[in-house]
file upload.cif (mmCIF, C-alpha atoms)
data_start
loop_
_atom_site.label_atom_id
_atom_site.label_comp_id
_atom_site.auth_asym_id
_atom_site.auth_seq_id
_atom_site.Cartn_x
_atom_site.Cartn_y
_atom_site.Cartn_z
CA MET S 1 -35.77 7.92 126.89
CA HIS S 2 -38.89 6.08 125.71
CA ASN S 3 -42.43 7.35 125.22
CA ALA S 4 -45.37 5.09 125.98
CA THR S 5 -47.54 6.44 123.16
CA CYS S 6 -44.88 6.56 120.41
CA PRO S 7 -45.15 3.79 117.78
CA LEU S 8 -41.39 3.98 117.11
CA CYS S 9 -40.62 3.34 120.80
CA GLY S 10 -42.55 0.06 120.71
CA PRO S 11 -41.44 -3.54 120.23
CA ALA S 12 -39.51 -4.52 117.11
CA PRO S 13 -41.63 -3.65 114.07
CA VAL S 14 -42.32 -5.71 110.95
CA GLY S 15 -39.38 -5.62 108.56
CA LEU S 16 -36.67 -5.41 111.22
CA LEU S 17 -33.26 -6.20 109.67
CA HIS S 18 -31.05 -5.17 112.58
CA GLU S 19 -31.26 -3.69 116.03
CA ASP S 20 -28.71 -2.70 118.63
CA ALA S 21 -28.71 -0.45 121.67
CA GLN S 22 -28.71 2.69 119.52
CA LEU S 23 -30.74 2.06 116.37
CA ARG S 24 -32.92 -0.19 114.25
CA ILE S 25 -32.76 -0.84 110.51
CA ILE S 26 -36.13 -1.56 108.90
CA THR S 27 -37.07 -2.59 105.38
CA VAL S 28 -40.19 -0.79 104.21
CA ASP S 29 -42.51 -3.17 102.41
CA ASP S 30 -43.67 -1.02 99.50
CA ALA S 31 -43.51 -2.63 96.07
CA GLN S 32 -43.53 0.82 94.46
CA PHE S 33 -40.22 1.67 96.12
CA PRO S 34 -37.91 -1.38 96.06
CA GLY S 35 -35.08 -1.25 98.57
CA TYR S 36 -36.70 1.45 100.73
CA LEU S 37 -35.08 1.43 104.21
CA ARG S 38 -35.59 3.28 107.47
CA VAL S 39 -33.07 3.80 110.24
CA ILE S 40 -34.77 4.54 113.55
CA TRP S 41 -32.90 5.90 116.56
CA ARG S 42 -33.85 3.93 119.69
CA ASP S 43 -34.16 6.82 122.14
CA HIS S 44 -37.20 9.03 121.82
CA VAL S 45 -35.61 12.23 120.52
CA SER S 46 -36.94 14.24 117.61
CA GLU S 47 -34.03 16.02 115.92
CA MET S 48 -30.44 15.26 114.90
CA THR S 49 -29.32 18.13 117.14
CA ASP S 50 -30.88 16.35 120.14
CA LEU S 51 -28.09 13.77 119.79
CA SER S 52 -24.49 14.10 120.94
CA GLN S 53 -21.95 14.54 118.14
CA ALA S 54 -20.78 10.93 118.67
CA ASN S 55 -24.34 9.64 118.27
CA ARG S 56 -24.98 11.80 115.19
CA ASP S 57 -21.82 10.33 113.68
CA ARG S 58 -22.84 6.76 114.51
CA LEU S 59 -26.30 7.24 112.98
CA MET S 60 -25.00 8.84 109.79
CA LEU S 61 -22.27 6.22 109.41
CA VAL S 62 -25.04 3.61 109.25
CA VAL S 63 -27.03 5.78 106.81
CA TYR S 64 -23.98 6.12 104.54
CA ARG S 65 -23.23 2.40 104.65
CA LEU S 66 -26.82 1.55 103.74
CA GLU S 67 -26.81 4.14 100.95
CA ALA S 68 -23.63 2.53 99.57
CA LEU S 69 -25.29 -0.90 99.65
CA GLN S 70 -28.43 0.42 97.97
CA ARG S 71 -26.31 1.96 95.21
CA ASP S 72 -24.12 -1.14 94.76
CA ILE S 73 -26.94 -3.66 94.70
CA LEU S 74 -29.85 -1.75 93.18
CA GLN S 75 -28.08 0.81 90.99
CA PRO S 76 -30.87 3.36 91.28
CA ASP S 77 -30.88 6.67 89.42
CA LYS S 78 -30.87 8.58 92.71
CA ILE S 79 -30.93 8.12 96.47
CA ASN S 80 -33.30 10.20 98.59
CA LEU S 81 -32.42 10.76 102.26
CA ALA S 82 -34.89 12.42 104.60
CA SER S 83 -35.46 12.97 108.30
CA LEU S 84 -38.97 14.43 108.52
CA GLY S 85 -40.92 13.09 111.51
CA ASN S 86 -43.89 15.41 111.23
CA GLN S 87 -46.30 12.54 111.79
CA VAL S 88 -44.15 10.71 114.35
CA PRO S 89 -41.64 13.07 115.99
CA HIS S 90 -39.14 10.33 116.83
CA LEU S 91 -35.84 10.59 114.95
CA HIS S 92 -35.72 8.32 111.88
CA TRP S 93 -34.17 8.46 108.43
CA HIS S 94 -35.82 7.42 105.18
CA LEU S 95 -33.41 5.99 102.56
CA ILE S 96 -35.22 5.63 99.27
CA PRO S 97 -33.69 4.39 96.01
CA ARG S 98 -35.33 6.19 93.11
CA TRP S 99 -35.69 5.37 89.42
CA ARG S 100 -36.70 7.67 86.58
CA GLY S 101 -39.69 5.41 85.92
CA ASP S 102 -40.93 5.05 89.50
CA PRO S 103 -44.45 6.27 90.36
CA CYS S 104 -43.40 9.70 91.67
CA PHE S 105 -40.12 10.57 89.94
CA PRO S 106 -38.83 13.32 89.73
CA ASP S 107 -41.00 14.42 92.64
CA SER S 108 -40.48 13.22 96.20
CA ILE S 109 -42.29 10.01 97.13
CA TRP S 110 -44.58 12.15 99.30
CA ALA S 111 -45.90 14.00 96.26
CA THR S 112 -48.94 12.82 94.32
CA SER S 113 -48.17 9.61 92.48
CA GLN S 114 -48.00 9.81 88.70
CA ALA S 115 -49.23 6.23 88.44
CA HIS S 116 -52.26 7.47 86.49
CA ASP S 117 -49.86 7.69 83.50
CA GLN S 118 -50.68 4.31 81.95
CA ASP S 119 -47.52 3.97 79.80
CA ARG S 120 -45.37 4.81 82.76
CA GLN S 121 -47.20 2.35 84.99
CA THR S 122 -46.81 -0.43 82.40
CA ALA S 123 -43.09 0.22 82.02
CA TRP S 124 -42.61 0.36 85.79
CA ALA S 125 -44.53 -2.91 86.26
CA ARG S 126 -42.05 -4.55 83.86
CA GLN S 127 -39.05 -3.20 85.77
CA GLN S 128 -40.39 -4.00 89.26
CA PRO S 129 -39.87 -7.79 89.64
CA ALA S 130 -36.12 -7.59 88.99
CA LEU S 131 -35.79 -4.65 91.38
CA LEU S 132 -37.79 -6.40 94.10
CA ALA S 133 -35.51 -9.44 93.69
CA GLN S 134 -32.47 -7.18 94.11
CA ALA S 135 -34.14 -5.60 97.14
CA SER S 136 -34.20 -9.08 98.74
CA VAL S 137 -30.48 -9.39 98.04
CA LEU S 138 -29.99 -6.02 99.75
CA GLN S 139 -32.01 -7.09 102.79
CA ASN S 140 -30.03 -10.32 103.15
CA LYS S 141 -26.76 -8.45 102.83
CA ILE S 142 -27.81 -6.04 105.61
CA ARG S 143 -28.88 -8.93 107.87
CA GLN S 144 -25.46 -10.55 107.34
CA GLU S 145 -23.36 -7.44 107.66
CA PHE S 146 -25.04 -6.00 110.72
CA SER S 147 -25.55 -8.29 113.68
CA PRO S 148 -28.89 -10.13 113.57
CA PRO S 149 -31.81 -8.85 115.70
CA ASP S 150 -31.87 -10.18 119.26
CA MET W 1 -15.97 18.89 89.24
CA HIS W 2 -18.47 21.30 87.64
CA ASN W 3 -21.15 20.65 85.06
CA ALA W 4 -21.92 23.28 82.43
CA THR W 5 -25.65 22.53 82.32
CA CYS W 6 -26.27 22.21 86.07
CA PRO W 7 -28.06 25.18 87.69
CA LEU W 8 -26.38 24.45 91.04
CA CYS W 9 -22.92 24.66 89.47
CA GLY W 10 -23.62 28.20 88.24
CA PRO W 11 -22.78 31.60 89.69
CA ALA W 12 -23.94 32.51 93.20
CA PRO W 13 -27.73 32.24 93.30
CA VAL W 14 -30.26 34.63 94.82
CA GLY W 15 -30.43 34.24 98.59
CA LEU W 16 -26.75 33.40 99.09
CA LEU W 17 -25.85 33.77 102.79
CA HIS W 18 -22.41 32.16 102.70
CA GLU W 19 -20.04 30.45 100.32
CA ASP W 20 -16.64 28.89 100.68
CA ALA W 21 -14.58 26.42 98.64
CA GLN W 22 -16.79 23.51 99.71
CA LEU W 23 -20.37 24.71 100.06
CA ARG W 24 -22.97 27.43 99.81
CA ILE W 25 -25.74 28.33 102.26
CA ILE W 26 -28.89 29.72 100.62
CA THR W 27 -32.06 31.16 102.09
CA VAL W 28 -35.12 29.96 100.20
CA ASP W 29 -37.53 32.83 99.63
CA ASP W 30 -40.86 31.13 100.32
CA ALA W 31 -43.22 32.96 102.66
CA GLN W 32 -45.06 29.69 103.35
CA PHE W 33 -41.91 28.20 104.90
CA PRO W 34 -40.12 30.83 106.99
CA GLY W 35 -36.48 30.06 107.69
CA TYR W 36 -36.16 27.47 104.88
CA LEU W 37 -32.45 26.98 104.07
CA ARG W 38 -30.48 24.97 101.53
CA VAL W 39 -26.87 23.84 101.81
CA ILE W 40 -25.38 23.12 98.39
CA TRP W 41 -22.12 21.26 97.94
CA ARG W 42 -19.89 23.11 95.45
CA ASP W 43 -18.59 20.11 93.49
CA HIS W 44 -21.00 18.46 91.10
CA VAL W 45 -21.60 15.14 92.89
CA SER W 46 -25.00 13.61 93.44
CA GLU W 47 -24.90 11.53 96.64
CA MET W 48 -23.46 11.77 100.15
CA THR W 49 -21.48 8.59 99.44
CA ASP W 50 -19.75 10.37 96.54
CA LEU W 51 -17.98 12.49 99.16
CA SER W 52 -14.97 11.50 101.27
CA GLN W 53 -15.77 10.89 104.95
CA ALA W 54 -14.08 14.20 105.84
CA ASN W 55 -16.29 16.07 103.37
CA ARG W 56 -19.45 14.29 104.57
CA ASP W 57 -18.54 15.36 108.10
CA ARG W 58 -17.92 18.98 107.07
CA LEU W 59 -21.24 19.16 105.22
CA MET W 60 -23.26 17.62 108.07
CA LEU W 61 -21.53 19.81 110.65
CA VAL W 62 -22.87 22.83 108.79
CA VAL W 63 -26.32 21.21 108.51
CA TYR W 64 -26.37 20.56 112.28
CA ARG W 65 -25.25 24.11 113.09
CA LEU W 66 -27.96 25.57 110.87
CA GLU W 67 -30.57 23.24 112.37
CA ALA W 68 -29.52 24.44 115.84
CA LEU W 69 -29.89 28.07 114.76
CA GLN W 70 -33.30 27.39 113.19
CA ARG W 71 -34.46 25.78 116.42
CA ASP W 72 -33.03 28.51 118.66
CA ILE W 73 -34.33 31.45 116.67
CA LEU W 74 -37.58 30.15 115.14
CA GLN W 75 -38.67 27.54 117.68
CA PRO W 76 -40.49 25.44 115.07
CA ASP W 77 -42.51 22.34 115.96
CA LYS W 78 -40.18 20.17 113.82
CA ILE W 79 -37.18 20.36 111.51
CA ASN W 80 -37.25 18.50 108.19
CA LEU W 81 -33.91 17.52 106.62
CA ALA W 82 -33.79 16.10 103.11
CA SER W 83 -31.29 15.36 100.37
CA LEU W 84 -33.42 14.47 97.34
CA GLY W 85 -31.99 15.86 94.09
CA ASN W 86 -34.34 14.07 91.73
CA GLN W 87 -34.87 17.24 89.71
CA VAL W 88 -31.29 18.51 90.00
CA PRO W 89 -28.88 15.64 90.82
CA HIS W 90 -26.30 17.87 92.49
CA LEU W 91 -25.88 17.23 96.22
CA HIS W 92 -27.86 19.69 98.35
CA TRP W 93 -29.71 19.58 101.67
CA HIS W 94 -33.08 21.11 102.42
CA LEU W 95 -33.50 22.35 106.03
CA ILE W 96 -37.12 23.25 106.62
CA PRO W 97 -38.57 24.49 109.91
CA ARG W 98 -42.14 23.20 110.24
CA TRP W 99 -45.13 24.37 112.24
CA ARG W 100 -48.33 22.50 112.99
CA GLY W 101 -50.27 25.22 111.20
CA ASP W 102 -48.11 25.50 108.08
CA PRO W 103 -49.72 24.79 104.68
CA CYS W 104 -48.60 21.15 104.46
CA PHE W 105 -48.18 19.91 108.04
CA PRO W 106 -48.00 17.02 108.96
CA ASP W 107 -47.16 16.04 105.39
CA SER W 108 -43.84 16.86 103.73
CA ILE W 109 -43.67 20.24 101.99
CA TRP W 110 -43.66 18.31 98.71
CA ALA W 111 -47.15 16.94 99.36
CA THR W 112 -50.27 18.73 98.23
CA SER W 113 -50.77 21.92 100.19
CA GLN W 114 -53.69 21.99 102.61
CA ALA W 115 -54.07 25.73 102.06
CA HIS W 116 -57.60 25.15 100.77
CA ASP W 117 -58.58 24.80 104.44
CA GLN W 118 -59.74 28.37 105.01
CA ASP W 119 -59.52 28.38 108.82
CA ARG W 120 -56.03 26.98 108.68
CA GLN W 121 -54.96 29.53 106.07
CA THR W 122 -56.33 32.39 108.15
CA ALA W 123 -54.55 31.19 111.29
CA TRP W 124 -51.30 30.68 109.37
CA ALA W 125 -51.53 34.17 107.83
CA ARG W 126 -51.71 35.57 111.36
CA GLN W 127 -48.64 33.63 112.46
CA GLN W 128 -46.54 34.35 109.36
CA PRO W 129 -45.33 37.97 109.84
CA ALA W 130 -43.67 37.22 113.18
CA LEU W 131 -42.05 34.07 111.75
CA LEU W 132 -40.79 35.92 108.67
CA ALA W 133 -39.29 38.57 110.96
CA GLN W 134 -37.52 35.84 112.93
CA ALA W 135 -36.35 34.30 109.64
CA SER W 136 -34.57 37.60 108.91
CA VAL W 137 -32.88 37.38 112.30
CA LEU W 138 -31.79 33.84 111.39
CA GLN W 139 -30.38 34.98 108.03
CA ASN W 140 -28.42 37.81 109.63
CA LYS W 141 -27.05 35.47 112.27
CA ILE W 142 -25.85 33.05 109.55
CA ARG W 143 -24.23 35.89 107.58
CA GLN W 144 -22.38 36.96 110.72
CA GLU W 145 -21.38 33.56 111.96
CA PHE W 146 -20.18 32.16 108.65
CA SER W 147 -17.75 34.27 106.64
CA PRO W 148 -19.53 36.62 104.24
CA PRO W 149 -19.80 35.68 100.54
CA ASP W 150 -16.81 36.76 98.40
#
call {"tool": "encode", "arguments": {"input": "upload.cif", "output": "structure tokens"}}
result
Amino acid sequence: MHNATCPLCGPAPVGLLHEDAQLRIITVDDAQFPGYLRVIWRDHVSEMTDLSQANRDRLMLVVYRLEALQRDILQPDKINLASLGNQVPHLHWHLIPRWRGDPCFPDSIWATSQAHDQDRQTAWARQQPALLAQASVLQNKIRQEFSPPD
Amino acid sequence: MHNATCPLCGPAPVGLLHEDAQLRIITVDDAQFPGYLRVIWRDHVSEMTDLSQANRDRLMLVVYRLEALQRDILQPDKINLASLGNQVPHLHWHLIPRWRGDPCFPDSIWATSQAHDQDRQTAWARQQPALLAQASVLQNKIRQEFSPPD
């Protein structure tokens, strides 16, 4: 169930917070999007409907728990959930806390950044350090709550 | 559980394929993305974790069934699932069949279109009519399988 050329089938990536036989939880190191997480299914499948119902449920239970932690700890204006995989067709979820002042809001983070708006960028730069500190709290909480990586 | 100013709380929108007490299934009329569907939760909540576990399961069961139908009928290269709601913070899922030649692939559909690539646009225009015909098959199948709108 692994693919030799797939980057998501490889050894534990940077930012690994948890791994077990079924999935990995990764923190995405992007200062523009504090608290951004990915959940990567271990087997090389591309769609949710490639999984059994029990495995879909397990994966989404983790997604929901992480969303709840993101909301509790970071208090974002919105959570974005997405399973895209156009670039790497190996099932993974993006969990992205969003704020009204972030570089892309209200567009998706895959839209063109609005960071050229100088006032917005200045305001966001002021908000960022506190959010990045809370993102560290989130990461530690996940490491504690889920079993540590092998 | 409804919000007077929310467009997704309003009367049945264009493209309604199914509605029941919990959710609506909508076909998105965008010729660039044949078979694009949205599933909109009826109550005005913004996140998956605002729902009870039973309601999360019901919603995702419908998402998975629709994904399976999109794959069976349209045979896309990838399915994109996303719950964003930055513009309209009322819980809804985007289900978007993707093809390697579509105007945004391999980016998300919210990225800048690559339709300026003339060869790509010409090839996509050739592929589109057959895909749009299959999208009609998909819509009819959904209407039949789910109970018809009231």
call {"tool": "resolve_selection", "arguments": {"input": "upload.cif", "expression": "the PyMOL selection byres ((chain W and resi 122-137) around 12)", "output": "ChimeraX atom specification"}}
result
/W:15,17,27-37,69-76,96-105,114-121,138-144
call {"tool": "resolve_selection", "arguments": {"input": "upload.cif", "expression": "the PyMOL selection byres ((chain S and resi 18) around 9)", "output": "list in words"}}
result
Leu16, Leu17, Glu19, Asp20, Leu23, Arg24, Ile25, Ile26, Ile142, Arg143, Phe146, Ser147, Pro148, Pro149 and Asp150 of chain S
call {"tool": "write_last_selection", "arguments": {"input": "upload.cif", "atoms": "C-alpha atoms", "output": "short mmCIF file (atom, residue, chain, number, x, y, z; two decimals), in the frame of the given file"}}
result
data_model
loop_
_atom_site.label_atom_id
_atom_site.label_comp_id
_atom_site.auth_asym_id
_atom_site.auth_seq_id
_atom_site.Cartn_x
_atom_site.Cartn_y
_atom_site.Cartn_z
CA LEU S 16 -36.67 -5.41 111.22
CA LEU S 17 -33.26 -6.20 109.67
CA GLU S 19 -31.26 -3.69 116.03
CA ASP S 20 -28.71 -2.70 118.63
CA LEU S 23 -30.74 2.06 116.37
CA ARG S 24 -32.92 -0.19 114.25
CA ILE S 25 -32.76 -0.84 110.51
CA ILE S 26 -36.13 -1.56 108.90
CA ILE S 142 -27.81 -6.04 105.61
CA ARG S 143 -28.88 -8.93 107.87
CA PHE S 146 -25.04 -6.00 110.72
CA SER S 147 -25.55 -8.29 113.68
CA PRO S 148 -28.89 -10.13 113.57
CA PRO S 149 -31.81 -8.85 115.70
CA ASP S 150 -31.87 -10.18 119.26
#
call {"tool": "interface_residues", "arguments": {"input": "upload.cif", "of": "chain W", "to": "chain S", "cutoff": "10 Å", "atoms": "only C-alpha atoms", "output": "NGL selection string"}}
result
:W and (46-50 or 53 or 56-57 or 60-61 or 63-68 or 71 or 77-89 or 93-96 or 98-100 or 105-112)
call {"tool": "closest_residue", "arguments": {"input": "upload.cif", "among": "W:Gln22, W:Leu59, W:His90, W:Arg38", "to": "W:Leu8", "atoms": "all atoms listed in the file"}}
result
W:His90
call {"tool": "atom_distance", "arguments": {"input": "upload.cif", "atom1": "atom CA of W:His2", "atom2": "atom CA of W:Arg42"}}
result
8.1 Å
call {"tool": "atom_distance", "arguments": {"input": "upload.cif", "atom1": "atom CA of S:Pro7", "atom2": "atom CA of S:Leu51"}}
result
19.9 Å
call {"tool": "atom_distance", "arguments": {"input": "upload.cif", "atom1": "atom CA of W:Glu145", "atom2": "atom CA of S:Ser52"}}
result
21.7 Å
call {"tool": "closest_residue", "arguments": {"input": "upload.cif", "among": "S:His44, S:Ser113, S:His92, S:Arg58", "to": "S:Cys6", "atoms": "all atoms listed in the file"}}
result
S:His44
call {"tool": "decode", "arguments": {"input": "upload.cif", "residues": "stretch 2-19 of chain W", "atoms": "N, CA, C and O atoms", "output": "mmCIF file, in the first residue's frame"}}
result
data_model
loop_
_atom_site.group_PDB
_atom_site.id
_atom_site.type_symbol
_atom_site.label_atom_id
_atom_site.label_comp_id
_atom_site.auth_asym_id
_atom_site.auth_seq_id
_atom_site.Cartn_x
_atom_site.Cartn_y
_atom_site.Cartn_z
ATOM 1 N N HIS W 2 -31.704 29.437 12.169
ATOM 2 C CA HIS W 2 -31.538 30.094 10.874
ATOM 3 C C HIS W 2 -31.182 31.559 11.084
ATOM 4 O O HIS W 2 -31.468 32.131 12.132
ATOM 5 N N ASN W 3 -30.537 32.127 10.085
ATOM 6 C CA ASN W 3 -30.011 33.485 10.186
ATOM 7 C C ASN W 3 -30.604 34.307 9.043
ATOM 8 O O ASN W 3 -30.440 33.949 7.868
ATOM 9 N N ALA W 4 -31.272 35.381 9.379
ATOM 10 C CA ALA W 4 -32.047 36.143 8.399
ATOM 11 C C ALA W 4 -31.181 36.712 7.272
ATOM 12 O O ALA W 4 -31.672 36.909 6.159
ATOM 13 N N THR W 5 -29.915 36.971 7.544
ATOM 14 C CA THR W 5 -29.079 37.609 6.513
ATOM 15 C C THR W 5 -28.205 36.604 5.750
ATOM 16 O O THR W 5 -27.444 37.003 4.871
ATOM 17 N N CYS W 6 -28.304 35.330 6.089
ATOM 18 C CA CYS W 6 -27.412 34.333 5.466
ATOM 19 C C CYS W 6 -28.022 33.795 4.174
ATOM 20 O O CYS W 6 -29.129 33.258 4.196
ATOM 21 N N PRO W 7 -27.296 33.883 3.053
ATOM 22 C CA PRO W 7 -27.850 33.391 1.786
ATOM 23 C C PRO W 7 -28.091 31.880 1.797
ATOM 24 O O PRO W 7 -28.985 31.405 1.088
ATOM 25 N N LEU W 8 -27.356 31.141 2.607
ATOM 26 C CA LEU W 8 -27.543 29.680 2.625
ATOM 27 C C LEU W 8 -28.678 29.246 3.547
ATOM 28 O O LEU W 8 -29.038 28.065 3.583
ATOM 29 N N CYS W 9 -29.226 30.194 4.303
ATOM 30 C CA CYS W 9 -30.418 29.904 5.115
ATOM 31 C C CYS W 9 -31.705 30.165 4.329
ATOM 32 O O CYS W 9 -32.789 29.834 4.799
ATOM 33 N N GLY W 10 -31.585 30.762 3.160
ATOM 34 C CA GLY W 10 -32.751 31.211 2.398
ATOM 35 C C GLY W 10 -33.509 30.078 1.740
ATOM 36 O O GLY W 10 -33.231 28.903 1.978
ATOM 37 N N PRO W 11 -34.488 30.469 0.888
ATOM 38 C CA PRO W 11 -35.284 29.472 0.174
ATOM 39 C C PRO W 11 -34.388 28.637 -0.753
ATOM 40 O O PRO W 11 -33.250 29.012 -1.027
ATOM 41 N N ALA W 12 -34.954 27.531 -1.230
ATOM 42 C CA ALA W 12 -34.183 26.592 -2.057
ATOM 43 C C ALA W 12 -33.497 27.318 -3.201
ATOM 44 O O ALA W 12 -34.138 28.035 -3.969
ATOM 45 N N PRO W 13 -32.197 27.160 -3.327
ATOM 46 C CA PRO W 13 -31.445 27.855 -4.372
ATOM 47 C C PRO W 13 -31.562 27.162 -5.721
ATOM 48 O O PRO W 13 -32.025 26.019 -5.817
ATOM 49 N N VAL W 14 -31.132 27.863 -6.755
ATOM 50 C CA VAL W 14 -31.012 27.290 -8.100
ATOM 51 C C VAL W 14 -30.109 26.053 -8.018
ATOM 52 O O VAL W 14 -29.126 26.059 -7.283
ATOM 53 N N GLY W 15 -30.467 25.023 -8.744
ATOM 54 C CA GLY W 15 -29.598 23.844 -8.809
ATOM 55 C C GLY W 15 -29.886 22.827 -7.725
ATOM 56 O O GLY W 15 -29.137 21.863 -7.573
ATOM 57 N N LEU W 16 -30.991 23.012 -6.994
ATOM 58 C CA LEU W 16 -31.319 22.071 -5.908
ATOM 59 C C LEU W 16 -31.623 20.679 -6.480
ATOM 60 O O LEU W 16 -32.490 20.523 -7.326
ATOM 61 N N LEU W 17 -30.920 19.674 -6.013
ATOM 62 C CA LEU W 17 -31.163 18.291 -6.441
ATOM 63 C C LEU W 17 -31.919 17.504 -5.386
ATOM 64 O O LEU W 17 -32.616 16.548 -5.690
ATOM 65 N N HIS W 18 -31.723 17.907 -4.117
ATOM 66 C CA HIS W 18 -32.351 17.184 -3.009
ATOM 67 C C HIS W 18 -32.372 18.084 -1.794
ATOM 68 O O HIS W 18 -31.428 18.839 -1.566
ATOM 69 N N GLU W 19 -33.452 18.007 -1.013
ATOM 70 C CA GLU W 19 -33.390 18.595 0.327
ATOM 71 C C GLU W 19 -34.196 17.766 1.285
ATOM 72 O O GLU W 19 -35.186 17.131 0.932
#
